[in-house]
$ cat entry.cif   # mmCIF, C-alpha atoms
data_start
#
loop_
_atom_site.label_atom_id
_atom_site.label_comp_id
_atom_site.auth_asym_id
_atom_site.auth_seq_id
_atom_site.Cartn_x
_atom_site.Cartn_y
_atom_site.Cartn_z
CA MET A 1 0.07 -8.89 -3.73
CA HIS A 2 2.85 -9.50 -6.22
CA GLU A 3 4.77 -12.29 -4.66
CA GLN A 4 6.91 -13.13 -7.67
CA SER A 5 8.45 -9.66 -7.94
CA LEU A 6 8.86 -9.44 -4.16
CA VAL A 7 10.66 -12.79 -4.09
CA ARG A 8 12.84 -11.74 -7.02
CA SER A 9 14.06 -8.71 -5.06
CA LEU A 10 14.43 -10.90 -1.96
CA LEU A 11 16.76 -13.24 -3.87
CA THR A 12 18.77 -10.29 -5.22
CA GLN A 13 19.20 -9.01 -1.67
CA VAL A 14 20.21 -12.46 -0.42
CA GLU A 15 22.88 -12.69 -3.13
CA GLN A 16 24.22 -9.23 -2.22
CA LEU A 17 24.45 -10.28 1.43
CA ARG A 18 26.27 -13.48 0.47
CA ILE A 19 28.89 -11.44 -1.40
CA GLU A 20 29.18 -8.84 1.38
CA HIS A 21 29.87 -11.54 3.94
CA GLY A 22 32.28 -13.41 1.70
CA ALA A 23 30.26 -16.61 1.97
CA ASP A 24 30.33 -19.55 -0.46
CA VAL A 25 26.66 -20.40 -0.44
CA VAL A 26 23.45 -19.51 1.29
CA THR A 27 21.71 -22.53 2.79
CA ARG A 28 18.69 -20.95 4.44
CA VAL A 29 16.60 -17.79 4.12
CA GLU A 30 14.19 -16.76 6.90
CA VAL A 31 11.46 -14.19 6.33
CA GLU A 32 8.70 -12.73 8.48
CA ILE A 33 5.26 -12.11 6.99
CA GLY A 34 2.44 -10.31 8.77
CA PRO A 35 -1.28 -10.68 7.99
CA LEU A 36 -1.56 -7.01 6.95
CA SER A 37 1.49 -7.14 4.67
CA GLY A 38 -0.60 -7.99 1.63
CA VAL A 39 1.79 -10.89 1.04
CA GLU A 40 0.48 -14.47 0.98
CA PRO A 41 2.92 -17.02 2.51
CA LEU A 42 1.82 -19.89 0.27
CA LEU A 43 2.41 -17.79 -2.86
CA VAL A 44 5.79 -16.62 -1.55
CA ARG A 45 6.86 -20.25 -1.15
CA GLU A 46 5.65 -21.13 -4.62
CA ALA A 47 7.37 -18.10 -6.21
CA PHE A 48 10.56 -18.90 -4.30
CA GLU A 49 10.67 -22.48 -5.59
CA LEU A 50 9.91 -21.40 -9.15
CA LEU A 51 12.51 -18.64 -9.19
CA VAL A 52 15.26 -20.76 -7.64
CA ALA A 53 14.56 -23.51 -10.21
CA ALA A 54 14.51 -20.97 -13.07
CA GLU A 55 17.86 -19.59 -11.92
CA GLN A 56 19.37 -23.11 -12.01
CA ASP A 57 18.14 -23.57 -15.58
CA ALA A 58 19.36 -20.18 -16.73
CA ASN A 59 22.75 -20.10 -15.08
CA ALA A 60 24.89 -23.19 -14.63
CA ASN A 61 27.23 -21.26 -12.33
CA SER A 62 24.45 -19.93 -10.13
CA GLN A 63 25.31 -19.48 -6.48
CA LEU A 64 21.70 -20.21 -5.61
CA ARG A 65 21.48 -23.82 -4.48
CA PRO A 66 18.48 -25.86 -5.61
CA ASP A 67 18.02 -27.02 -2.00
CA LEU A 68 18.05 -23.48 -0.58
CA GLU A 69 15.68 -23.63 2.35
CA LEU A 70 12.98 -21.01 2.91
CA VAL A 71 11.62 -20.57 6.43
CA ILE A 72 8.53 -18.39 6.79
CA HIS A 73 7.71 -16.99 10.22
CA THR A 74 4.21 -15.61 10.40
CA VAL A 75 3.93 -12.52 12.57
CA PRO A 76 0.75 -12.02 14.62
CA LEU A 77 -1.45 -8.99 14.15
CA GLY A 78 -0.34 -7.15 17.28
CA CYS A 79 -2.62 -4.45 18.66
CA ARG A 80 -2.32 -1.85 21.41
CA CYS A 81 -5.28 0.06 22.85
CA ARG A 82 -4.72 3.82 22.84
CA GLU A 83 -7.20 4.17 25.72
CA CYS A 84 -6.14 1.59 28.31
CA GLY A 85 -2.76 0.52 26.92
CA SER A 86 -3.47 -3.22 26.85
CA GLU A 87 -1.87 -5.29 24.10
CA TRP A 88 -3.12 -8.41 22.34
CA SER A 89 -2.92 -10.44 19.13
CA ALA A 90 -5.98 -10.02 16.96
CA ASP A 91 -7.24 -12.94 14.89
CA SER A 92 -9.23 -10.77 12.51
CA CYS A 93 -9.22 -7.20 11.27
CA ARG A 94 -11.78 -6.13 13.89
CA PHE A 95 -9.90 -3.60 15.90
CA VAL A 96 -11.71 -3.52 19.24
CA CYS A 97 -9.92 -3.65 22.60
CA ASP A 98 -10.59 -6.92 24.45
CA HIS A 99 -10.24 -5.12 27.76
CA CYS A 100 -12.10 -1.79 27.54
CA ARG A 101 -13.97 -2.24 24.19
CA SER A 102 -12.43 0.94 22.78
CA ASN A 103 -11.92 0.95 19.03
CA SER A 104 -9.01 3.36 19.17
CA VAL A 105 -6.50 0.67 18.35
CA GLN A 106 -2.96 0.97 17.09
CA VAL A 107 -1.49 -1.85 15.01
CA ILE A 108 1.99 -2.54 16.39
CA SER A 109 2.91 -5.55 14.26
CA GLY A 110 1.51 -7.43 11.32
CA ASP A 111 2.25 -5.31 8.25
CA GLU A 112 5.79 -6.54 7.72
CA PHE A 113 7.49 -8.49 4.99
CA ARG A 114 10.96 -8.72 6.40
CA LEU A 115 14.17 -10.60 5.68
CA LYS A 116 15.02 -11.88 9.15
CA ASN A 117 18.12 -14.08 8.84
CA ILE A 118 20.20 -15.88 6.30
CA THR A 119 22.37 -18.90 7.02
CA VAL A 120 25.54 -19.14 4.95
CA ARG A 121 28.44 -21.51 4.52
CA MET A 122 31.80 -19.76 4.72
CA PRO A 123 34.79 -20.78 2.60
CA GLN A 124 36.83 -23.65 3.99
CA GLN A 125 39.91 -22.26 5.64
CA ALA A 126 43.11 -23.96 6.61
CA GLU A 127 43.37 -24.11 10.38
CA VAL A 128 45.93 -21.66 11.61
CA ASN A 129 48.34 -22.91 14.19
CA ILE A 130 49.65 -20.25 16.44
CA MET B 131 42.90 -29.59 8.41
CA THR B 132 39.89 -27.69 6.99
CA SER B 133 36.41 -27.14 8.36
CA PRO B 134 33.27 -25.74 6.74
CA ILE B 135 31.78 -22.99 8.82
CA GLU B 136 28.06 -22.37 8.72
CA LYS B 137 26.76 -19.24 10.31
CA THR B 138 23.48 -17.39 10.62
CA ILE B 139 23.50 -13.68 9.86
CA ALA B 140 20.77 -11.53 11.39
CA VAL B 141 19.48 -9.16 8.71
CA ASN B 142 16.14 -7.82 9.99
CA GLN B 143 15.55 -5.77 6.91
CA ASP B 144 12.19 -4.50 5.74
CA LEU B 145 12.02 -5.73 2.16
CA GLN B 146 10.07 -2.65 1.19
CA ALA B 147 12.24 -0.13 3.05
CA GLU B 148 13.59 1.51 -0.10
CA LYS B 149 10.10 1.91 -1.57
CA LYS B 150 8.88 3.45 1.69
CA ARG B 151 11.82 5.87 1.75
CA ARG B 152 11.15 7.05 -1.80
CA ALA B 153 7.45 7.57 -1.09
CA ALA B 154 8.19 9.59 2.06
CA GLU B 155 10.63 11.76 0.10
CA GLN B 156 8.12 12.43 -2.68
CA ARG B 157 5.36 13.13 -0.12
CA ALA B 158 7.55 15.74 1.56
CA ALA B 159 8.29 17.32 -1.85
CA PHE B 160 4.55 17.60 -2.57
CA ALA B 161 3.96 19.15 0.86
CA ALA B 162 6.76 21.67 0.32
CA ARG B 163 5.01 22.78 -2.89
CA GLY B 164 1.69 23.09 -1.06
CA THR B 165 0.10 20.26 -3.07
CA LEU B 166 -2.30 17.98 -1.26
CA VAL B 167 -2.16 14.58 -2.95
CA VAL B 168 -5.32 12.48 -2.82
CA ASN B 169 -5.23 8.84 -3.92
CA ILE B 170 -8.70 7.58 -4.82
CA VAL B 171 -9.16 3.82 -4.70
CA SER B 172 -12.22 1.69 -5.39
CA SER B 173 -13.55 -1.26 -7.38
CA PRO B 174 -14.06 -0.67 -11.11
CA GLY B 175 -17.20 1.35 -11.76
CA ALA B 176 -17.64 2.78 -8.27
CA GLY B 177 -17.53 6.31 -9.69
CA LYS B 178 -13.98 7.62 -9.25
CA THR B 179 -14.03 9.62 -12.49
CA SER B 180 -17.56 10.91 -11.81
CA LEU B 181 -16.46 12.06 -8.34
CA LEU B 182 -13.51 13.93 -9.85
CA GLU B 183 -15.75 15.52 -12.50
CA ALA B 184 -18.18 16.65 -9.80
CA THR B 185 -15.31 17.96 -7.63
CA ALA B 186 -13.79 19.93 -10.51
CA LYS B 187 -17.21 21.34 -11.48
CA HIS B 188 -17.93 22.38 -7.89
CA TRP B 189 -14.67 24.27 -7.57
CA GLY B 190 -14.62 25.70 -11.07
CA THR B 191 -11.51 27.86 -11.40
CA SER B 192 -11.29 28.66 -7.68
CA ARG B 193 -8.71 25.91 -7.03
CA ARG B 194 -5.72 24.75 -9.05
CA LEU B 195 -6.03 21.04 -9.46
CA ALA B 196 -4.70 18.27 -11.64
CA VAL B 197 -5.46 14.60 -12.11
CA LEU B 198 -3.32 11.56 -12.85
CA VAL B 199 -5.65 8.80 -13.91
CA GLY B 200 -4.67 5.16 -14.10
CA ASP B 201 -6.20 2.54 -16.34
CA ILE B 202 -5.05 -0.67 -17.88
CA ALA B 203 -6.04 0.56 -21.35
CA THR B 204 -7.65 3.51 -23.18
CA GLU B 205 -7.69 7.27 -22.54
CA ARG B 206 -11.42 7.30 -21.81
CA ASP B 207 -11.17 8.65 -18.27
CA ALA B 208 -8.71 11.36 -19.23
CA ASP B 209 -11.01 12.39 -22.09
CA ARG B 210 -13.88 12.79 -19.61
CA LEU B 211 -11.82 14.91 -17.22
CA ARG B 212 -9.96 17.05 -19.77
CA PRO B 213 -12.71 19.69 -20.12
CA PHE B 214 -12.38 20.45 -16.38
CA THR B 215 -8.77 20.02 -15.34
CA PRO B 216 -5.24 19.24 -16.54
CA VAL B 217 -5.05 15.46 -16.70
CA VAL B 218 -2.50 12.81 -17.58
CA GLN B 219 -3.65 9.29 -18.40
CA LEU B 220 -1.36 6.60 -17.02
CA THR B 221 -1.96 3.37 -18.86
CA THR B 222 -0.36 0.44 -17.09
CA GLY B 223 -0.73 -2.09 -19.89
CA GLY B 224 -1.96 -4.75 -17.49
CA ALA B 225 -0.63 -3.87 -14.05
CA CYS B 226 -3.51 -3.89 -11.56
CA HIS B 227 -2.33 -0.91 -9.50
CA LEU B 228 -0.30 2.27 -9.85
CA GLU B 229 3.20 2.57 -8.45
CA LEU B 230 5.20 5.60 -7.42
CA SER B 231 7.45 5.52 -10.48
CA LEU B 232 4.38 5.83 -12.76
CA ILE B 233 3.19 8.81 -10.71
CA GLN B 234 6.59 10.48 -10.99
CA GLN B 235 6.60 9.91 -14.73
CA GLY B 236 3.08 11.38 -15.01
CA LEU B 237 4.08 14.48 -13.04
CA GLY B 238 6.51 15.42 -15.77
CA GLN B 239 3.68 15.48 -18.30
CA LEU B 240 1.51 17.93 -16.36
CA PRO B 241 1.70 21.52 -17.61
CA ALA B 242 2.65 22.97 -14.19
CA ASP B 243 3.89 21.88 -10.78
CA ASP B 244 2.17 24.25 -8.37
CA TYR B 245 -1.23 22.61 -8.00
CA GLN B 246 -3.16 22.94 -4.77
CA PHE B 247 -4.65 19.50 -5.23
CA LEU B 248 -3.34 16.54 -7.16
CA PHE B 249 -5.79 13.67 -7.49
CA ILE B 250 -4.62 10.20 -8.37
CA GLU B 251 -7.35 7.99 -9.75
CA ASN B 252 -6.02 4.51 -9.08
CA ILE B 253 -6.80 1.38 -11.08
CA GLY B 254 -10.19 -0.06 -10.11
CA ASN B 255 -9.16 -2.75 -7.62
CA LEU B 256 -9.69 -3.03 -3.86
CA VAL B 257 -6.70 -5.33 -3.29
CA CYS B 258 -3.31 -4.41 -4.78
CA PRO B 259 -3.51 -0.60 -4.58
CA ALA B 260 -3.74 -0.97 -0.78
CA SER B 261 -0.12 -2.11 -0.66
CA HIS B 262 1.36 0.69 -2.78
CA ASP B 263 2.20 4.06 -1.29
CA LEU B 264 1.94 6.67 -4.04
CA ALA B 265 3.24 9.48 -1.81
CA GLU B 266 -0.31 10.60 -1.16
CA HIS B 267 -1.36 12.59 1.90
CA VAL B 268 -4.90 11.27 1.89
CA ARG B 269 -6.12 7.90 0.70
CA VAL B 270 -9.82 7.82 -0.06
CA ALA B 271 -11.73 4.57 -0.49
CA LEU B 272 -14.80 4.98 -2.65
CA LEU B 273 -17.63 2.49 -2.20
CA SER B 274 -20.81 2.67 -4.28
CA THR B 275 -24.22 1.64 -3.04
CA THR B 276 -24.48 -1.01 -5.76
CA GLU B 277 -21.47 -2.93 -4.45
CA GLY B 278 -22.96 -4.02 -1.14
CA ASP B 279 -22.38 -2.75 2.38
CA ASP B 280 -20.30 -5.77 3.38
CA LYS B 281 -17.20 -4.75 1.39
CA PRO B 282 -15.08 -3.04 4.09
CA GLY B 283 -14.77 -6.25 6.12
CA LYS B 284 -13.88 -8.23 2.99
CA TYR B 285 -11.06 -5.89 1.96
CA PRO B 286 -9.73 -4.77 5.34
CA LYS B 287 -6.34 -3.54 4.25
CA MET B 288 -7.81 -1.04 1.80
CA PHE B 289 -10.08 0.47 4.43
CA ARG B 290 -7.48 0.23 7.22
CA THR B 291 -5.00 2.27 5.19
CA SER B 292 -7.52 4.95 4.11
CA GLN B 293 -8.25 8.24 5.83
CA ALA B 294 -11.66 8.73 4.24
CA LEU B 295 -14.54 6.63 2.97
CA VAL B 296 -16.83 8.08 0.30
CA ILE B 297 -20.10 6.24 -0.26
CA SER B 298 -21.20 7.07 -3.80
CA LYS B 299 -24.32 6.64 -5.96
CA LEU B 300 -26.57 7.72 -3.11
CA ASP B 301 -29.38 8.31 -5.64
CA LEU B 302 -29.63 4.53 -6.14
CA LEU B 303 -30.20 3.84 -2.46
CA PRO B 304 -33.98 3.27 -2.82
CA HIS B 305 -33.30 0.53 -5.38
CA VAL B 306 -30.52 -1.50 -3.77
CA PRO B 307 -30.18 -3.42 -0.51
CA PHE B 308 -27.46 -1.15 0.90
CA SER B 309 -27.32 0.42 4.34
CA VAL B 310 -25.08 3.48 4.67
CA GLU B 311 -25.04 2.86 8.42
CA ALA B 312 -24.01 -0.81 8.09
CA ALA B 313 -21.22 0.05 5.61
CA SER B 314 -19.99 2.87 7.86
CA ASP B 315 -20.05 0.66 10.98
CA ASP B 316 -18.22 -2.13 9.16
CA ALA B 317 -15.54 0.31 7.94
CA ARG B 318 -15.17 1.97 11.36
CA GLN B 319 -14.51 -1.38 13.00
CA ILE B 320 -11.47 -1.61 10.74
CA GLN B 321 -10.48 2.05 10.83
CA PRO B 322 -12.27 4.06 13.54
CA GLU B 323 -10.73 7.35 12.41
CA LEU B 324 -12.21 7.27 8.91
CA ALA B 325 -13.93 10.45 7.76
CA ILE B 326 -17.11 9.25 6.04
CA PHE B 327 -19.07 11.04 3.29
CA SER B 328 -22.18 9.99 1.39
CA LEU B 329 -22.77 11.67 -1.93
CA CYS B 330 -24.09 11.50 -5.45
CA SER B 331 -21.73 12.79 -8.11
CA LEU B 332 -24.46 13.03 -10.77
CA THR B 333 -26.82 15.27 -8.74
CA GLY B 334 -24.07 16.97 -6.73
CA ALA B 335 -25.61 15.97 -3.39
CA GLY B 336 -22.91 15.87 -0.70
CA ILE B 337 -20.19 17.22 -3.00
CA ALA B 338 -19.85 20.49 -1.06
CA GLN B 339 -19.06 18.62 2.21
CA TRP B 340 -16.53 16.45 0.40
CA CYS B 341 -14.82 19.52 -1.08
CA ASP B 342 -14.80 21.23 2.34
CA TYR B 343 -13.04 18.17 3.74
CA LEU B 344 -10.38 18.39 1.02
CA ASP B 345 -9.87 22.08 1.81
CA ALA B 346 -9.52 21.24 5.50
CA MET B 347 -6.99 18.49 4.74
CA ARG B 348 -4.95 20.93 2.68
CA GLU B 349 -5.05 23.48 5.51
CA GLN B 350 -3.69 20.77 7.82
CA LEU B 351 -0.96 19.98 5.33
CA LEU B 352 0.06 23.63 5.09
CA ALA B 353 0.06 23.86 8.89
CA GLY B 354 2.53 20.96 8.87
CA GLN B 355 0.47 18.48 10.83
CA SER B 356 2.62 15.41 10.82
CA SER B 357 -0.19 12.89 11.39
CA MET B 358 -0.89 12.95 7.67
CA GLN B 359 2.61 12.15 6.59
CA GLU B 360 2.57 8.41 7.07
CA ILE B 361 0.56 5.74 5.34
CA PRO B 362 -0.73 3.38 6.60
CA PRO B 363 -2.02 5.22 9.68
CA HIS B 364 -1.32 2.84 12.53
#

$ encode --input "entry.cif" --output "structure tokens"
Amino acid sequence: MHEQSLVRSLLTQVEQLRIEHGADVVTRVEVEIGPLSGVEPLLVREAFELLVAAEQDANANSQLRPDLELVIHTVPLGCRCRECGSEWSADSCRFVCDHCRSNSVQVISGDEFRLKNITVRMPQQAEVNI
Amino acid sequence: MTSPIEKTIAVNQDLQAEKKRRAAEQRAAFAARGTLVVNIVSSPGAGKTSLLEATAKHWGTSRRLAVLVGDIATERDADRLRPFTPVVQLTTGGACHLELSLIQQGLGQLPADDYQFLFIENIGNLVCPASHDLAEHVRVALLSTTEGDDKPGKYPKMFRTSQALVISKLDLLPHVPFSVEAASDDARQIQPELAIFSLCSLTGAGIAQWCDYLDAMREQLLAGQSSMQEIPPH
């Protein structure tokens, strides 16, 4: 689809979360991408690297670290048969039940582009002695 | 003594949640006005504008309809449709699909807001428009006989997220290696609930059945059948 604009809004969201949680820096971003999301993992990675680098060039005080790690979890295309209720992971967009051959199939996962986790480094704090 | 603390924060946020929310809101607003919104998607040249011309001619003045037509450049499609229906040309200047904000902008340029049917003619492209919810109630994939009957399997998301498949240019069938049955079977393997129509916009063959389907979809919308409210239909 349009990985560059999706990654741009991902990075904006990551920065908002960093501020909300009062963190110094974000060290890792984990996303989930499904095969029906219309989003190509390879292009997401490329856009991510380009945009992080561009941010470094544009803003010397950027909170985005050049070594910010991106972890992409690919989500299987999960299907459930409306007839017999069996569930499976499909390896193509042929929606036929493995068990009863029905083609009344519900997609239960695989269309997501989701921000799963971020890992942040919190400000150093003096240890409090009680 | 100081210690850096690293922690992982679970977010689990759909990165398109806000877009989905806006589309659902606009879809409900259309439904409240009694407007059935039909998003027509296809490759360039499959006959989207011809289908809309034939639809408007078939209905004459018996239905209130309007068209928002997307193109990268020129007003050519709007010029073709203007004799039959209110139409707004949305020129994207290069974007390969329409987005909801362009639709909302186009709505403001239509002369009224109480249409029974609003057709959106998307940019000719079987890829990107599949991922953009334009607040439609029905997504219709148009496939012409000259494109080959193997297209549904090659562009699964477009066909998976559509409610209807219209096979166009039926008059060319004797001249091209295209099987209506093979294309229909291929599409139904991806989306078994597709309503499938074969027609020819130039001769009008099959247009009546297509228009009956649109009437039936609007009846369902007015009856508040919720199955039509979500795209994609999983």

$ interface_residues --input "entry.cif" --of "chain B" --to "chain A" --cutoff "7 Å" --atoms "only C-alpha atoms" --output "count of residues only"
23

$ residues_around --input "entry.cif" --residues "B:Thr222" --least-positions-apart "3" --cutoff "9 Å" --atoms "only C-alpha atoms" --output "list in words"
Gly200, Asp201, Ile202, Ala203, Ala225, Cys226, His227, Leu228, Leu232 and Ile253 of chain B

$ resolve_selection --input "entry.cif" --expression "the PyMOL selection byres ((chain B and resi 331) around 10)" --output "list of chain:residue names"
B:Gly177, B:Lys178, B:Thr179, B:Ser180, B:Leu181, B:Leu182, B:Glu183, B:Ala184, B:Thr185, B:Ser298, B:Lys299, B:Leu300, B:Asp301, B:Ser328, B:Leu329, B:Cys330, B:Leu332, B:Thr333, B:Gly334, B:Ala335, B:Gly336, B:Ile337

$ atom_distance --input "entry.cif" --atom1 "atom CA of B:Lys187" --atom2 "atom CA of B:Ser173"
23.3 Å

$ resolve_selection --input "entry.cif" --expression "the PyMOL selection byres ((chain B and resi 295) around 9)" --output "PyMOL selection string"
chain B and resi 269-273+289+292-294+296-297+314+317+324-328

$ resolve_selection --input "entry.cif" --expression "the PyMOL selection byres ((chain A and resi 49) around 12)" --output "ChimeraX atom specification"
/A:3-4,7-8,11,42-48,50-56,64-70

$ atom_distance --input "entry.cif" --atom1 "atom CA of B:Val218" --atom2 "atom CA of B:Thr276"
28.5 Å

$ closest_residue --input "entry.cif" --among "B:Val217, B:Leu195, B:Ala313, B:Leu211" --to "B:Gly164" --atoms "all atoms listed in the file"
B:Leu195

$ closest_residue --input "entry.cif" --among "B:Val199, B:Val306, B:Met347, B:Ala154" --to "B:Arg212" --atoms "all atoms listed in the file"
B:Val199

$ atom_distance --input "entry.cif" --atom1 "atom CA of A:Thr12" --atom2 "atom CA of A:Ile72"
17.7 Å

$ closest_residue --input "entry.cif" --among "B:Leu248, B:Ile233, B:Leu303, B:Ala242" --to "B:Val168" --atoms "all atoms listed in the file"
B:Leu248

$ residues_near_point --input "entry.cif" --point "(-10.9, 1.1, -4.8)" --cutoff "8 Å" --atoms "all atoms listed in the file" --output "ChimeraX atom specification"
/B:170-174,176,252-257,259,271-273,288

$ axis_aligned_box --input "entry.cif" --around "stretch 50-59 of chain A" --padding-each-side "5 Å" --output "lines of an AutoDock Vina configuration file"
center_x = 16.3
center_y = -21.1
center_z = -12.2
size_x = 22.8
size_y = 14.9
size_z = 19.1

$ closest_residue --input "entry.cif" --among "B:Arg290, B:His305, B:Arg193, B:Arg152" --to "B:Leu230" --atoms "all atoms listed in the file"
B:Arg152

$ closest_residue --input "entry.cif" --among "B:Glu349, B:Asp263, B:Asp342, B:Asp280" --to "B:Asn169" --atoms "only C-alpha atoms"
B:Asp263

$ residues_around --input "entry.cif" --residues "B:Glu205" --least-positions-apart "3" --cutoff "8 Å" --atoms "only C-alpha atoms" --output "list of chain:residue names"
B:Asp201, B:Ala208, B:Asp209, B:Gln219, B:Thr221

$ residues_near_point --input "entry.cif" --point "(0.0, -4.7, 24.8)" --cutoff "12 Å" --atoms "all atoms listed in the file" --output "ChimeraX atom specification"
/A:77-90,97-99,105-109

$ decode --input "entry.cif" --residues "stretch 24-41 of chain A" --atoms "N, CA and C atoms" --output "mmCIF file, in the first residue's frame"
data_model
loop_
_atom_site.group_PDB
_atom_site.id
_atom_site.type_symbol
_atom_site.label_atom_id
_atom_site.label_comp_id
_atom_site.auth_asym_id
_atom_site.auth_seq_id
_atom_site.Cartn_x
_atom_site.Cartn_y
_atom_site.Cartn_z
ATOM 1 N N ASP A 24 12.829 8.563 28.252
ATOM 2 C CA ASP A 24 13.904 9.298 27.574
ATOM 3 C C ASP A 24 13.949 8.964 26.096
ATOM 4 N N VAL A 25 14.074 7.687 25.815
ATOM 5 C CA VAL A 25 14.191 7.259 24.424
ATOM 6 C C VAL A 25 13.420 5.970 24.185
ATOM 7 N N VAL A 26 13.089 5.757 22.956
ATOM 8 C CA VAL A 26 12.494 4.484 22.552
ATOM 9 C C VAL A 26 13.609 3.669 21.913
ATOM 10 N N THR A 27 13.738 2.422 22.344
ATOM 11 C CA THR A 27 14.819 1.591 21.786
ATOM 12 C C THR A 27 14.306 0.551 20.804
ATOM 13 N N ARG A 28 13.015 0.192 20.951
ATOM 14 C CA ARG A 28 12.496 -0.844 20.047
ATOM 15 C C ARG A 28 11.007 -0.613 19.781
ATOM 16 N N VAL A 29 10.625 -0.872 18.536
ATOM 17 C CA VAL A 29 9.219 -0.772 18.125
ATOM 18 C C VAL A 29 8.827 -2.120 17.537
ATOM 19 N N GLU A 30 7.716 -2.695 18.011
ATOM 20 C CA GLU A 30 7.270 -3.987 17.479
ATOM 21 C C GLU A 30 5.909 -3.822 16.826
ATOM 22 N N VAL A 31 5.809 -4.258 15.581
ATOM 23 C CA VAL A 31 4.526 -4.179 14.869
ATOM 24 C C VAL A 31 4.093 -5.571 14.403
ATOM 25 N N GLU A 32 2.799 -5.697 14.170
ATOM 26 C CA GLU A 32 2.248 -6.932 13.611
ATOM 27 C C GLU A 32 1.663 -6.619 12.243
ATOM 28 N N ILE A 33 1.994 -7.433 11.250
ATOM 29 C CA ILE A 33 1.480 -7.216 9.898
ATOM 30 C C ILE A 33 0.852 -8.518 9.385
ATOM 31 N N GLY A 34 -0.365 -8.421 8.941
ATOM 32 C CA GLY A 34 -1.047 -9.598 8.395
ATOM 33 C C GLY A 34 -1.008 -9.601 6.877
ATOM 34 N N PRO A 35 -1.148 -10.782 6.259
ATOM 35 C CA PRO A 35 -1.057 -10.872 4.795
ATOM 36 C C PRO A 35 -2.191 -10.155 4.059
ATOM 37 N N LEU A 36 -3.309 -9.907 4.726
ATOM 38 C CA LEU A 36 -4.405 -9.175 4.062
ATOM 39 C C LEU A 36 -4.417 -7.690 4.445
ATOM 40 N N SER A 37 -3.365 -7.223 5.098
ATOM 41 C CA SER A 37 -3.342 -5.824 5.529
ATOM 42 C C SER A 37 -3.077 -4.887 4.361
ATOM 43 N N GLY A 38 -2.537 -5.409 3.270
ATOM 44 C CA GLY A 38 -2.149 -4.544 2.166
ATOM 45 C C GLY A 38 -0.820 -3.855 2.434
ATOM 46 N N VAL A 39 -0.142 -4.284 3.503
ATOM 47 C CA VAL A 39 1.117 -3.648 3.892
ATOM 48 C C VAL A 39 2.239 -4.672 3.703
ATOM 49 N N GLU A 40 3.306 -4.267 3.020
ATOM 50 C CA GLU A 40 4.399 -5.180 2.698
ATOM 51 C C GLU A 40 5.540 -4.995 3.715
ATOM 52 N N PRO A 41 5.861 -6.063 4.481
ATOM 53 C CA PRO A 41 6.873 -5.922 5.544
ATOM 54 C C PRO A 41 8.211 -5.356 5.067
#
